[in-house]
>>> print(open('query-v3.txt').read())   # compact mmCIF, C-alpha atoms
# COMPACT_ATOMS: atom_id res chain seq x y z
CA MET A 17 26.35 -13.24 -26.00
CA LYS A 18 29.01 -10.61 -25.44
CA ARG A 19 26.44 -8.15 -24.09
CA ARG A 20 25.06 -10.74 -21.65
CA TYR A 21 28.58 -11.40 -20.40
CA TRP A 22 29.11 -7.69 -19.64
CA VAL A 23 25.73 -7.39 -17.93
CA ILE A 24 26.52 -10.35 -15.66
CA LEU A 25 30.00 -9.02 -14.98
CA THR A 26 28.60 -5.58 -14.14
CA LEU A 27 26.01 -7.08 -11.78
CA ILE A 28 28.67 -9.10 -9.99
CA PHE A 29 30.81 -5.99 -9.65
CA LEU A 30 27.90 -3.97 -8.23
CA VAL A 31 27.07 -6.67 -5.69
CA TRP A 32 30.72 -6.81 -4.63
CA LEU A 33 30.91 -3.00 -4.41
CA ASP A 34 27.77 -2.87 -2.26
CA TRP A 35 29.20 -5.55 0.04
CA TYR A 36 32.54 -3.75 0.24
CA ILE A 37 30.93 -0.43 1.16
CA ARG A 38 28.68 -1.99 3.81
CA ALA A 39 31.11 -4.55 5.24
CA PRO A 40 32.55 -3.53 8.58
CA ASP A 41 36.30 -3.43 8.88
CA SER A 42 38.15 -6.05 10.93
CA ARG A 43 38.47 -3.77 13.96
CA SER A 44 34.69 -3.24 14.00
CA ARG A 45 34.11 -6.98 13.71
CA ASP A 46 36.56 -7.58 16.55
CA MET A 47 34.76 -5.06 18.77
CA THR A 48 31.42 -6.65 17.97
CA SER A 49 32.93 -9.98 19.06
CA VAL A 50 34.11 -8.34 22.28
CA ILE A 51 30.55 -7.20 22.99
CA ALA A 52 29.34 -10.77 22.49
CA THR A 53 32.00 -12.32 24.71
CA GLN A 54 31.99 -9.75 27.53
CA ALA A 55 28.25 -9.20 27.65
CA GLY A 56 26.36 -10.14 30.75
CA LYS A 57 23.44 -12.53 30.72
CA GLU A 58 20.92 -9.73 30.13
CA LEU A 59 22.72 -8.35 27.06
CA LYS A 60 23.48 -11.79 25.63
CA SER A 61 19.83 -12.82 25.77
CA TYR A 62 18.45 -9.53 24.44
CA PRO A 63 16.50 -9.96 21.17
CA TYR A 64 18.49 -7.19 19.42
CA GLN A 65 22.23 -7.69 19.05
CA PHE A 66 24.24 -4.47 19.20
CA LYS A 67 27.21 -4.26 16.87
CA VAL A 68 30.03 -1.88 16.06
CA LEU A 69 29.34 -0.52 12.59
CA LYS A 70 32.56 1.42 12.14
CA ILE A 71 35.40 3.05 13.99
CA ALA A 72 36.59 6.52 13.05
CA GLY A 73 39.63 7.68 14.99
CA ASP A 74 38.83 7.10 18.66
CA THR A 75 35.05 6.96 18.13
CA ALA A 76 33.09 3.74 17.75
CA TYR A 77 29.70 3.83 16.04
CA LEU A 78 27.30 1.36 17.62
CA SER A 79 24.09 0.17 16.05
CA THR A 80 20.81 0.91 17.78
CA PRO A 81 17.25 0.03 16.84
CA ARG A 82 15.80 3.29 18.13
CA SER A 83 16.32 7.02 17.96
CA PHE A 84 14.28 10.20 18.13
CA ASP A 85 13.15 9.42 14.57
CA VAL A 86 12.10 5.85 15.41
CA PRO A 87 10.18 5.80 18.69
CA ALA A 88 10.78 3.05 21.22
CA PHE A 89 7.22 1.73 20.97
CA LYS A 90 7.78 0.68 17.35
CA VAL A 91 10.97 -1.17 18.18
CA LEU A 92 9.60 -2.74 21.35
CA ALA A 93 6.56 -4.01 19.42
CA VAL A 94 8.96 -6.02 17.24
CA LEU A 95 11.23 -7.14 20.07
CA TYR A 96 8.29 -8.11 22.30
CA PRO A 97 5.30 -8.98 20.09
CA ASP A 98 3.02 -9.69 23.07
CA LEU A 99 3.71 -6.31 24.70
CA ASP A 100 0.99 -3.63 24.73
CA THR A 101 2.94 -0.72 23.28
CA LYS A 102 -0.13 1.49 22.80
CA ASN A 103 -0.30 2.27 26.52
CA PRO A 104 2.83 4.18 27.61
CA ASN A 105 1.77 3.82 31.27
CA ASN A 106 1.71 0.03 31.08
CA PRO A 107 4.25 -1.24 33.66
CA ALA A 108 5.45 -3.96 31.26
CA TYR A 109 6.04 -1.33 28.56
CA ILE A 110 7.98 0.87 30.98
CA ALA A 111 10.05 -2.14 32.09
CA ALA A 112 10.81 -3.03 28.45
CA GLN A 113 11.99 0.53 27.79
CA GLU A 114 14.22 0.44 30.86
CA HIS A 115 15.55 -2.97 29.79
CA LEU A 116 16.50 -1.57 26.39
CA GLY A 117 18.28 1.32 28.11
CA ARG A 118 20.24 -1.04 30.38
CA VAL A 119 21.46 -3.33 27.60
CA GLN A 120 22.30 -0.37 25.39
CA ALA A 121 24.33 1.16 28.23
CA GLU A 122 26.14 -2.13 28.82
CA ALA A 123 27.11 -2.43 25.15
CA ARG A 124 28.40 1.15 25.25
CA THR A 125 30.40 0.49 28.42
CA ILE A 126 32.03 -2.59 26.92
CA VAL A 127 33.10 -0.70 23.81
CA LEU A 128 34.37 2.31 25.77
CA ALA A 129 36.59 -0.02 27.81
CA GLN A 130 38.46 -1.09 24.66
CA PRO A 131 41.90 0.40 23.96
CA GLY A 132 41.85 3.40 21.66
CA ILE A 133 38.12 4.11 22.05
CA LYS A 134 37.19 7.34 23.82
CA ASP A 135 33.68 7.94 22.50
CA VAL A 136 30.66 6.02 21.32
CA LYS A 137 28.09 7.39 18.92
CA TRP A 138 24.83 5.66 18.15
CA GLU A 139 23.81 4.99 14.58
CA LEU A 140 20.34 3.85 13.66
CA ASP A 141 20.32 0.26 12.40
CA ARG A 142 18.30 0.99 9.28
CA ASP A 143 18.77 -2.48 7.78
CA TRP A 144 17.39 -4.18 10.89
CA LEU A 145 14.43 -1.81 11.06
CA VAL A 146 13.50 -2.26 7.40
CA LYS A 147 13.91 -6.03 7.73
CA HIS A 148 11.38 -5.94 10.57
CA GLY A 149 8.85 -3.78 8.74
CA ILE A 150 9.54 -0.51 10.51
CA GLU A 151 9.44 2.59 8.35
CA VAL A 152 12.76 4.41 8.49
CA PRO A 153 12.96 8.15 7.89
CA ALA A 154 15.34 9.43 5.23
CA LYS A 155 18.82 10.35 6.45
>>> encode(input="query-v3.txt", output="structure tokens")
Amino acid sequence: MKRRYWVILTLIFLVWLDWYIRAPDSRSRDMTSVIATQAGKELKSYPYQFKVLKIAGDTAYLSTPRSFDVPAFKVLAVLYPDLDTKNPNNPAYIAAQEHLGRVQAEARTIVLAQPGIKDVKWELDRDWLVKHGIEVPAK
């Protein structure tokens, strides 16, 4: 009985610790709210919601579903399931890529306009990618 109690207590502690490490601070949550409230129609309706993961000094780290390690076609296939992502010359595919670029730039602009923020760095949203079945390279 005593052993079971300690196992349960340890599991609860580990879950809390994981949450604490991953949980964004209040300033990051506030900036994510600012993105949501100041976003234009295009950004608000985009299937991926950009969020501020952390703030270090005057730099905000924004989530992104793509990077050099995760090509756009993989992400766009999830965001737009009916899109032919196998043909990079497909006009709809090119438009979807440009759309992603526009909404990403808008999110960046909104964050850069906030007091105390001078730079934005993009951080791959590994949790979102894994949740949507996209293989994520090791850090």
>>> atom_distance(input="query-v3.txt", atom1="atom CA of Trp144 of chain A", atom2="atom CA of Asp74 of chain A")
25.4 Å
>>> residues_around(input="query-v3.txt", residues="Val50 of chain A", least_positions_apart="5", cutoff="9 Å", atoms="only C-alpha atoms", output="PDB file with C-alpha atoms, in the coordinates of the input")
ATOM      1  CA  ARG A  45      34.110  -6.980  13.710  1.00  0.00           C
ATOM      2  CA  ALA A  55      28.250  -9.200  27.650  1.00  0.00           C
ATOM      3  CA  ILE A 126      32.030  -2.590  26.920  1.00  0.00           C
ATOM      4  CA  VAL A 127      33.100  -0.700  23.810  1.00  0.00           C
ATOM      5  CA  GLN A 130      38.460  -1.090  24.660  1.00  0.00           C
TER       6      GLN A 130
END
>>> residues_around(input="query-v3.txt", residues="segment 104-121 of chain A", least_positions_apart="6", cutoff="9 Å", atoms="only C-alpha atoms", output="list in words")
Ala55, Gly56, Glu58, Leu59, Lys60, Tyr62, Phe66, Thr80, Ala88, Phe89, Leu92 and Tyr96 of chain A
>>> closest_residue(input="query-v3.txt", among="A:Leu69, A:Lys90, A:Ala123, A:Asp98", to="Asp141 of chain A", atoms="all atoms listed in the file")
A:Leu69
>>> residues_around(input="query-v3.txt", residues="Val136 of chain A", least_positions_apart="3", cutoff="10 Å", atoms="all atoms listed in the file", output="PyMOL selection string")
chain A and resi 68+71+74-78+123-125+127-128+133+139
>>> atom_distance(input="query-v3.txt", atom1="atom CA of Asp143 of chain A", atom2="atom CA of Tyr64 of chain A")
12.6 Å
>>> residues_near_point(input="query-v3.txt", point="(10.7, -0.3, 15.9)", cutoff="8 Å", atoms="only C-alpha atoms", output="VMD selection string")
chain A and resid 81 to 82 86 to 94 145 148 150
>>> write_last_selection(input="query-v3.txt", atoms="C-alpha atoms", output="tab-separated table (two decimals), in the frame of the given file")
chain	number	residue	atom	x	y	z
A	81	PRO	CA	17.25	0.03	16.84
A	82	ARG	CA	15.80	3.29	18.13
A	86	VAL	CA	12.10	5.85	15.41
A	87	PRO	CA	10.18	5.80	18.69
A	88	ALA	CA	10.78	3.05	21.22
A	89	PHE	CA	7.22	1.73	20.97
A	90	LYS	CA	7.78	0.68	17.35
A	91	VAL	CA	10.97	-1.17	18.18
A	92	LEU	CA	9.60	-2.74	21.35
A	93	ALA	CA	6.56	-4.01	19.42
A	94	VAL	CA	8.96	-6.02	17.24
A	145	LEU	CA	14.43	-1.81	11.06
A	148	HIS	CA	11.38	-5.94	10.57
A	150	ILE	CA	9.54	-0.51	10.51
>>> decode(input="query-v3.txt", residues="segment 61-72 of chain A", atoms="N, CA and C atoms", output="CSV table (one decimal), in the first residue's frame")
chain,number,residue,atom,x,y,z
A,61,SER,N,-8.7,32.8,-39.8
A,61,SER,CA,-9.3,31.7,-40.4
A,61,SER,C,-8.3,30.6,-40.9
A,62,TYR,N,-7.1,30.9,-40.7
A,62,TYR,CA,-6.1,29.9,-41.1
A,62,TYR,C,-6.1,28.6,-40.3
A,63,PRO,N,-6.0,27.4,-40.9
A,63,PRO,CA,-6.1,26.2,-40.1
A,63,PRO,C,-5.0,25.9,-39.1
A,64,TYR,N,-3.9,26.6,-39.1
A,64,TYR,CA,-2.9,26.5,-38.1
A,64,TYR,C,-2.9,27.8,-37.3
A,65,GLN,N,-2.9,27.7,-36.0
A,65,GLN,CA,-2.9,28.9,-35.1
A,65,GLN,C,-1.5,29.1,-34.6
A,66,PHE,N,-0.9,30.2,-35.0
A,66,PHE,CA,0.5,30.6,-34.5
A,66,PHE,C,0.4,31.0,-33.1
A,67,LYS,N,1.4,30.7,-32.3
A,67,LYS,CA,1.4,31.1,-30.9
A,67,LYS,C,2.8,31.4,-30.4
A,68,VAL,N,2.9,32.2,-29.4
A,68,VAL,CA,4.2,32.6,-28.8
A,68,VAL,C,4.5,31.5,-27.8
A,69,LEU,N,5.6,30.8,-28.1
A,69,LEU,CA,6.0,29.7,-27.2
A,69,LEU,C,6.8,30.2,-26.0
A,70,LYS,N,7.6,31.2,-26.2
A,70,LYS,CA,8.4,31.8,-25.0
A,70,LYS,C,8.9,33.2,-25.4
A,71,ILE,N,9.3,33.9,-24.5
A,71,ILE,CA,10.0,35.2,-24.7
A,71,ILE,C,11.3,35.2,-23.9
A,72,ALA,N,12.3,35.5,-24.6
A,72,ALA,CA,13.6,35.5,-23.9
A,72,ALA,C,14.2,36.9,-24.2
